[in-house]
Amino acid sequence: VDIIYYTNQKSDNALAESLLKTVGFYKTGNVSLESGRETIVRHLEEKRYDFDGLVLADGSGLSRANKVKPISQVKFLADVMKEKYYDDLFKSGNNYGQIFAKTGTLNGVKCLAGYIKTRDGRILSFSLLINGYLGSVDQIKARMEQLLEPVIDL
């Protein structure tokens with residue numbers, strides 16, 4: 001739990017890669033990215049994850065080969081709410097007031113996915129993935145906040 005919290009809070013990409021390899025080692029005895037990816041895919045298959053458009057290239061999200069659809073992320077995050085580890089995952093995301101989420105940034109790509117706690121206490125999952133934007137990262141972050149702000153009042 002502490003490792004996941006630290007990885008998410010610090011956006012420690014090397015640790016994220018190590019976690020993927022560790023998952024593979026734990027399940028297969030092989031410490032490699034491939035065994036980690038295979039283990040994750042098997043787990044997602046068991047959970048009936050929507051694989052449409054998914055490409056899992058690495059553990060950190062730094063590879064431009066990674067692909068995911070926002071609706072798939074939202075469904076996955078909603079399903080995670082039923083898991084025993086949900087509270088730990090929820091707390092590991094960065095807290096932006098009523099928004100508990102993980103960011104992702106590459107040149108020309110900005111992502112934010114996680115949970116929103118509405119004023120009436122409901123928890124909603126969300127995913128914003130923005131590719132090929134013009135302007136600064138700060139402008140995109142501000143726009144994301146504008147998009148999410150009304151949801152808090154639901």
# chains A, B, ... in the order shown; residues from 1 in each chain; ligands from 1
>>> select_by_dssp(residues="chain A", states="strand (DSSP E)", output="list in words")
Asn94, Asn95, Tyr96, Ile99, Phe100, Ala101, Lys102, Thr103, Gly104, Thr105, Leu106, Val109, Lys110, Cys111, Leu112, Ala113, Gly114, Tyr115, Ile116, Lys117, Ile123, Leu124, Ser125, Phe126, Ser127, Leu128, Leu129, Ile130 and Asn131 of chain A
>>> closest_residue(among="A:Leu154, A:Leu62, A:Cys111, A:Val41", to="Asp12 in chain A", atoms="only C-alpha atoms")
A:Leu62
>>> closest_residue(among="A:Tyr85, A:Phe25, A:Tyr49, A:Tyr133", to="Lys69 in chain A", atoms="only C-alpha atoms")
A:Tyr49
>>> atom_distance(atom1="CA of Gly108 in chain A", atom2="CA of Glu149 in chain A")
23.3 Å
>>> atom_distance(atom1="CA of His43 in chain A", atom2="CA of Asp87 in chain A")
19.3 Å
>>> select_by_dssp(residues="range 65-101 of chain A", states="alpha helix (DSSP H)", output="PyMOL selection string")
chain A and resi 70-80+86-92
>>> atom_distance(atom1="CA of Tyr115 in chain A", atom2="CA of Leu129 in chain A")
14.5 Å
>>> residues_around(residues="Gly132 in chain A", least_positions_apart="6", cutoff="12 Å", atoms="only C-alpha atoms", output="CSV table (one decimal) with N, CA and C atoms, in the first residue's frame")
chain,number,residue,atom,x,y,z
A,105,THR,N,1.2,13.2,-18.2
A,105,THR,CA,1.7,14.2,-19.1
A,105,THR,C,2.8,13.7,-20.0
A,106,LEU,N,2.6,13.9,-21.2
A,106,LEU,CA,3.7,13.7,-22.2
A,106,LEU,C,3.6,15.0,-23.1
A,107,ASN,N,4.6,15.2,-23.9
A,107,ASN,CA,4.6,16.3,-24.9
A,107,ASN,C,3.3,16.2,-25.7
A,108,GLY,N,2.4,17.2,-25.6
A,108,GLY,CA,1.2,17.2,-26.4
A,108,GLY,C,0.1,16.3,-25.9
A,109,VAL,N,0.3,15.7,-24.7
A,109,VAL,CA,-0.8,14.8,-24.1
A,109,VAL,C,-0.9,15.2,-22.7
A,110,LYS,N,-2.2,15.3,-22.2
A,110,LYS,CA,-2.5,15.6,-20.8
A,110,LYS,C,-3.7,14.7,-20.4
A,111,CYS,N,-3.5,14.0,-19.3
A,111,CYS,CA,-4.5,13.0,-18.9
A,111,CYS,C,-4.8,13.3,-17.4
A,140,ILE,N,-4.4,23.7,-20.4
A,140,ILE,CA,-5.1,22.5,-20.5
A,140,ILE,C,-5.6,22.1,-19.1
>>> residues_around(residues="range 19-22 of chain A", least_positions_apart="4", cutoff="7 Å", atoms="only C-alpha atoms", output="list of chain:residue names")
A:Leu15, A:Tyr26, A:Val31, A:Ser32, A:Leu33, A:Ser35, A:Gly36, A:Gly59
